[in-house]
Structures are given as C-alpha cells and as structure tokens.
Amino acid sequence: MLQPFGARKGPFVIGHRGAAGYAPENTMAAFQRGLALRADAIELDVNLSKDGELMVIHDPILNRTTNGSGLVCHHTAAEIQALDAGSWFDPSFSDCRVPTLREVLQWAKDRTKVVIELKNGPIFYPDIEVALVRLLDELNVRDQVMAISFDHIVLGQLKAIAPDVATGVIYASRVPDAPAMAKLVNADLVMPYWAMLTREEVEACHAADLFVSPWGGPEQDYKHILSLGVDAVGADYPDRPRQFMAE
C-alpha cells in the first residue's frame with residue numbers, strides 16, 4: 001500500500017476544506033489559512049461543471065456556498081467563478097470565488113499535500129476519475145495528492161488507471177471488516193467517521209498496512225481520537241488538534 005505522507009510519521013493534521021472554521025470552505029482563503037495554521041495537508045471536494053472542469057465545491061448545487069443557484073453541472077466553470085463564494089460566511093470574504101482544482105493544485109505544488117474528495121452521488125459524473133488523472137498528469141502531481149470518496153466504486157476505477165495515486169475509502173458506520181472493504185478497491189487509506197472508530201479497528205487497519213484518518217466536524221473529540229493511534233485527523237480548525245498534540 002502507498003503511504004500518503006511518505007516516510008514522515010504522524011499524526012498529521014488535514015485542514016478540512018482548508019480551514020473551514022476560519023474562512024469560507026473550499027476557497028483559496030481557507031486553503032491559505034489552513035497552511036498558516038500548520039496543517040500538513042488540505043482537503044477539498046470536487047464536482048464537475050457543465051464544460052467538464054473539476055470545480056472545488058462541496059455540494060452538487062450552488063445555493064449554500066455561493067450567491068448562485070442550481071446544479072454545478074448545469075453551469076460552466078466561467079459562470080461558477082463569476083459567483084460570490086464568501087459572503088455567506090462573512091461579508092469580508094465577498095471577493096472569494098469557487099476555484100478550479102487546476103488552480104488549487106498549481107498553488108499547492110511543492111507546497112502541501114492535497115486530499116481530493118470526489119463527489120459522486122446523488123449526481124453521478126461519468127469518468128470523473130479520468131478527468132482527475134488527466135489533470136494530475138498534466139501538472140505532474142500524482143505523488144502529491146490523495147483521492148478519497150464515499151463512492152468506493154469510483155475509487156476502484158481510479159486505481160485501475162492510476163495505481164500510484166493514493167486512494168481512501170470514506171464511510172460513516174461500523175463495518176465488519178474495514179481492511180477487507182479497502183482491499184476490494186485497492187485503497188491505501190480508510191477514513192471512518194470519528195465517533196464510530198475503535199482502537200481495534202485502527203489496529204486491524206495498521207496490521208493490513210492501511211493509513212487511518214477519521215473525519216468529523218468541529219465537535220470532534222481530538223484527544224479521544226488521537227489516543228486511538230490514528231495516522232491523521234481532519235479539522236475545520238487545524239490549530240485545535242495541534243493544541244492537543246502539544247499537550
């Protein structure tokens with residue numbers, strides 16, 4: 001299995017949607033803030049635009065995080081980037097826009113790891129994994145990213161065409177055999193919901209050479225999660241798990 005952070009030892013802090021507690025999620029302002037708070041990687045979400053551009057936005061619709069409306073896939077990249085993606089969070093962020101994945105990867109290259117969640121469902125994007133690999137190859141950043149998804153099938157399809165790209169299965173329930181679930185699609189990471197994770201599952205995944213990175217919101221009990229021996233934690237406020245690590 002691939003080691004997402006190479007030979008470096010964790011636990012690592014992954015800035016969830018950048019630093020979504022401090023700046024509008026999935027914007028350059030959030031990514032820059034995440035690095036300023038010493039996140040080891042930034043996490044983001046992608047949906048496909050009408051003209052096939054990988055757009056960095058969590059929802060398949062524009063309504064929640066922009067002043068636009070309707071499905072992402074019904075708008076071109078240019079139309080989406082004309083929208084205000086920051087005022088919903090705070091008026092001081094009114095100049096924030098929805099970035100393309102290309103823009104974020106160009107900024108992140110040789111600066112930080114990028115965890116890319118492929119959003120697939122309820123809107124399914126045919127060949128989204130192909131679009132991702134094509135972009136990674138164009139920018140020569142296969143070794144700088146991790147692709148994750150709740151859609152384990154699309155991860156298997158990605159691994160089939162790019163076996164050297166680290167992938168991770170996300171899930172939100174207790175499962176009978178997490179290593180077996182990951183092995184089905186040749187994944188390198190498991191990303192369980194933090195409140196459902198046990199020390200036994202962490203140990204089983206480590207025995208199978210899997211990287212363990214639970215996910216959750218700002219209510220996450222970092223002290224508890226870190227005590228389980230995980231390899232990384234995601235955080236809307238990247239400075240908070242750092243505080244527990246320092247203690």
# chains A, B, ... in the order shown; residues from 1 in each chain; ligands from 1
$ residues_around --residues "A:Gly168" --least-positions-apart "4" --cutoff "8 Å" --atoms "only C-alpha atoms" --output "list of chain:residue names"
A:Met146, A:Ala147, A:Ile148, A:Ser149, A:Leu155, A:Ala182, A:Ala187, A:Asp188, A:Leu189, A:Val190, A:Met191
$ write_last_selection --atoms "N, CA, C and O atoms" --output "mmCIF file, in the first residue's frame"
data_model
loop_
_atom_site.group_PDB
_atom_site.id
_atom_site.type_symbol
_atom_site.label_atom_id
_atom_site.label_comp_id
_atom_site.auth_asym_id
_atom_site.auth_seq_id
_atom_site.Cartn_x
_atom_site.Cartn_y
_atom_site.Cartn_z
ATOM 1 N N MET A 146 -4.046 12.716 -2.604
ATOM 2 C CA MET A 146 -4.783 11.544 -2.179
ATOM 3 C C MET A 146 -6.209 11.734 -2.664
ATOM 4 O O MET A 146 -6.791 12.797 -2.461
ATOM 5 N N ALA A 147 -6.772 10.735 -3.319
ATOM 6 C CA ALA A 147 -8.144 10.802 -3.791
ATOM 7 C C ALA A 147 -9.020 9.964 -2.865
ATOM 8 O O ALA A 147 -8.711 8.797 -2.597
ATOM 9 N N ILE A 148 -10.089 10.546 -2.353
ATOM 10 C CA ILE A 148 -10.966 9.857 -1.418
ATOM 11 C C ILE A 148 -12.412 9.998 -1.885
ATOM 12 O O ILE A 148 -12.745 10.892 -2.667
ATOM 13 N N SER A 149 -13.273 9.101 -1.397
ATOM 14 C CA SER A 149 -14.673 9.206 -1.787
ATOM 15 C C SER A 149 -15.537 8.257 -0.972
ATOM 16 O O SER A 149 -15.070 7.221 -0.489
ATOM 17 N N LEU A 155 -13.393 4.907 -6.794
ATOM 18 C CA LEU A 155 -12.008 4.781 -6.350
ATOM 19 C C LEU A 155 -11.341 3.561 -6.982
ATOM 20 O O LEU A 155 -10.175 3.612 -7.356
ATOM 21 N N ALA A 182 -11.453 -1.986 2.205
ATOM 22 C CA ALA A 182 -10.468 -1.192 1.478
ATOM 23 C C ALA A 182 -9.786 -2.012 0.387
ATOM 24 O O ALA A 182 -9.535 -1.521 -0.722
ATOM 25 N N ALA A 187 -7.548 0.304 -1.967
ATOM 26 C CA ALA A 187 -7.337 1.598 -1.321
ATOM 27 C C ALA A 187 -6.157 1.554 -0.361
ATOM 28 O O ALA A 187 -5.773 0.497 0.150
ATOM 29 N N ASP A 188 -5.594 2.717 -0.095
ATOM 30 C CA ASP A 188 -4.443 2.862 0.787
ATOM 31 C C ASP A 188 -4.817 3.478 2.138
ATOM 32 O O ASP A 188 -4.067 3.364 3.108
ATOM 33 N N LEU A 189 -5.967 4.143 2.191
ATOM 34 C CA LEU A 189 -6.434 4.804 3.398
ATOM 35 C C LEU A 189 -7.820 4.318 3.760
ATOM 36 O O LEU A 189 -8.618 3.955 2.875
ATOM 37 N N VAL A 190 -8.131 4.341 5.049
ATOM 38 C CA VAL A 190 -9.512 4.220 5.496
ATOM 39 C C VAL A 190 -9.858 5.502 6.234
ATOM 40 O O VAL A 190 -9.049 6.033 6.991
ATOM 41 N N MET A 191 -11.057 5.991 5.972
ATOM 42 C CA MET A 191 -11.485 7.261 6.561
ATOM 43 C C MET A 191 -12.863 7.083 7.202
ATOM 44 O O MET A 191 -13.890 7.444 6.633
#
$ closest_residue --among "A:Ala85, A:Met55, A:Ala7, A:Val212" --to "A:Thr100" --atoms "only C-alpha atoms"
A:Met55
$ closest_residue --among "A:Leu37, A:Ala108, A:Leu132, A:Ala180" --to "A:Gly52" --atoms "only C-alpha atoms"
A:Leu132
$ residues_around --residues "A:Val165" --least-positions-apart "4" --cutoff "7 Å" --atoms "only C-alpha atoms" --output "JSON, numbers by chain"
{"A": [142, 143, 146, 159]}
$ write_last_selection --atoms "N, CA and C atoms" --output "PDB file, in the first residue's frame"
ATOM      1  N   ARG A 142       0.906  13.500  -9.334  1.00  0.00           N
ATOM      2  CA  ARG A 142       0.302  12.258  -8.840  1.00  0.00           C
ATOM      3  C   ARG A 142       0.736  11.930  -7.414  1.00  0.00           C
ATOM      4  N   ASP A 143       2.004  12.202  -7.114  1.00  0.00           N
ATOM      5  CA  ASP A 143       2.539  11.822  -5.813  1.00  0.00           C
ATOM      6  C   ASP A 143       2.229  12.835  -4.718  1.00  0.00           C
ATOM      7  N   MET A 146      -4.046  12.716  -2.604  1.00  0.00           N
ATOM      8  CA  MET A 146      -4.783  11.544  -2.179  1.00  0.00           C
ATOM      9  C   MET A 146      -6.209  11.734  -2.664  1.00  0.00           C
ATOM     10  N   LYS A 159      -8.056   3.631  -9.325  1.00  0.00           N
ATOM     11  CA  LYS A 159      -6.870   2.826  -9.031  1.00  0.00           C
ATOM     12  C   LYS A 159      -6.483   1.952 -10.223  1.00  0.00           C
TER      13      LYS A 159
END
$ closest_residue --among "A:Ile128, A:Leu35, A:Met1, A:Pro163" --to "A:Pro179" --atoms "only C-alpha atoms"
A:Met1
$ residues_around --residues "A:Leu105" --least-positions-apart "4" --cutoff "9 Å" --atoms "only C-alpha atoms" --output "VMD selection string"
chain A and resid 100 to 101 109 114 136 139 141 145
$ residues_around --residues "A:Leu62" --least-positions-apart "6" --cutoff "8 Å" --atoms "only C-alpha atoms" --output "ChimeraX atom specification"
/A:68-72
$ write_last_selection --atoms "C-alpha atoms" --output "CSV table (one decimal), in the first residue's frame"
chain,number,residue,atom,x,y,z
A,68,GLY,CA,-25.9,31.4,-7.3
A,69,SER,CA,-28.4,28.6,-7.6
A,70,GLY,CA,-28.9,25.3,-9.4
A,71,LEU,CA,-26.7,22.4,-10.1
A,72,VAL,CA,-22.9,22.8,-10.6
$ closest_atom_pairs --of "stretch 44-123 of chain A" --to "stretch 13-23 of chain A" --cutoff "10 Å" --atoms "only C-alpha atoms" --output "JSON lines"
{"residue": "A:Leu44", "atom": "CA", "partner": "A:Arg17", "partner_atom": "CA", "distance": 4.7}
{"residue": "A:Asp45", "atom": "CA", "partner": "A:Arg17", "partner_atom": "CA", "distance": 7.3}
{"residue": "A:Val56", "atom": "CA", "partner": "A:Arg17", "partner_atom": "CA", "distance": 9.3}
{"residue": "A:Ile57", "atom": "CA", "partner": "A:Arg17", "partner_atom": "CA", "distance": 9.0}
{"residue": "A:His58", "atom": "CA", "partner": "A:Arg17", "partner_atom": "CA", "distance": 8.5}
{"residue": "A:Gly86", "atom": "CA", "partner": "A:Ala23", "partner_atom": "CA", "distance": 8.1}
{"residue": "A:Phe89", "atom": "CA", "partner": "A:Ala23", "partner_atom": "CA", "distance": 7.2}
{"residue": "A:Asp90", "atom": "CA", "partner": "A:Ala23", "partner_atom": "CA", "distance": 8.3}
{"residue": "A:Ser92", "atom": "CA", "partner": "A:Ala23", "partner_atom": "CA", "distance": 9.9}
{"residue": "A:Phe93", "atom": "CA", "partner": "A:Ala23", "partner_atom": "CA", "distance": 7.8}
{"residue": "A:Cys96", "atom": "CA", "partner": "A:Ala23", "partner_atom": "CA", "distance": 9.7}
{"residue": "A:Lys113", "atom": "CA", "partner": "A:Ile14", "partner_atom": "CA", "distance": 9.0}
{"residue": "A:Val114", "atom": "CA", "partner": "A:Ile14", "partner_atom": "CA", "distance": 8.9}
{"residue": "A:Val115", "atom": "CA", "partner": "A:Ile14", "partner_atom": "CA", "distance": 8.2}
{"residue": "A:Ile116", "atom": "CA", "partner": "A:Arg17", "partner_atom": "CA", "distance": 9.6}
{"residue": "A:Glu117", "atom": "CA", "partner": "A:Arg17", "partner_atom": "CA", "distance": 9.8}
$ select_by_dssp --residues "stretch 9-245 of chain A" --states "strand (DSSP E)" --output "ChimeraX atom specification"
/A:12-15,41-48,54-56,113-118,145-149,166-171,189-192,211-212,232-235
$ closest_residue --among "A:Arg111, A:Val185, A:Pro91, A:Gln157" --to "A:Ala36" --atoms "only C-alpha atoms"
A:Arg111
$ residues_around --residues "A:Asp51" --least-positions-apart "3" --cutoff "9 Å" --atoms "only C-alpha atoms" --output "list in words"
Leu48, Cys73, His74, His75, Thr76 and Ala77 of chain A
$ write_last_selection --atoms "C-alpha atoms" --output "mmCIF file, in the first residue's frame"
data_model
loop_
_atom_site.group_PDB
_atom_site.id
_atom_site.type_symbol
_atom_site.label_atom_id
_atom_site.label_comp_id
_atom_site.auth_asym_id
_atom_site.auth_seq_id
_atom_site.Cartn_x
_atom_site.Cartn_y
_atom_site.Cartn_z
ATOM 1 C CA LEU A 48 -17.817 18.664 -12.418
ATOM 2 C CA CYS A 73 -23.173 20.520 -13.630
ATOM 3 C CA HIS A 74 -25.661 22.899 -15.259
ATOM 4 C CA HIS A 75 -23.188 25.808 -15.208
ATOM 5 C CA THR A 76 -19.883 26.406 -16.969
ATOM 6 C CA ALA A 77 -16.705 26.988 -14.992
#
$ residues_around --residues "A:Tyr193" --least-positions-apart "5" --cutoff "10 Å" --atoms "only C-alpha atoms" --output "list in words"
Ile170, Tyr171, Ala172, Ser173, Arg174, Ser213, Pro214, Trp215, Gly216, Gly217 and Gln220 of chain A
$ closest_residue --among "A:Leu118, A:Ala178, A:Ala166, A:Ala41" --to "A:Ala232" --atoms "only C-alpha atoms"
A:Ala41
$ atom_distance --atom1 "atom CA of A:Cys205" --atom2 "atom CA of A:Val175"
12.1 Å
$ atom_distance --atom1 "atom CA of A:Pro192" --atom2 "atom CA of A:Ser49"
28.4 Å
$ closest_residue --among "A:Ala30, A:Val98, A:Leu83, A:Met181" --to "A:Asp59" --atoms "only C-alpha atoms"
A:Val98
$ select_by_dssp --residues "stretch 10-205 of chain A" --states "alpha helix (DSSP H)" --output "JSON, numbers by chain"
{"A": [28, 29, 30, 31, 32, 33, 34, 35, 36, 77, 78, 79, 80, 81, 101, 102, 103, 104, 105, 106, 107, 108, 128, 129, 130, 131, 132, 133, 134, 135, 136, 137, 138, 139, 152, 153, 154, 155, 156, 157, 158, 159, 160, 161, 178, 179, 180, 181, 182, 183, 184, 199, 200, 201, 202, 203, 204, 205]}
$ atom_distance --atom1 "atom CA of A:Glu43" --atom2 "atom CA of A:Asp84"
21.0 Å
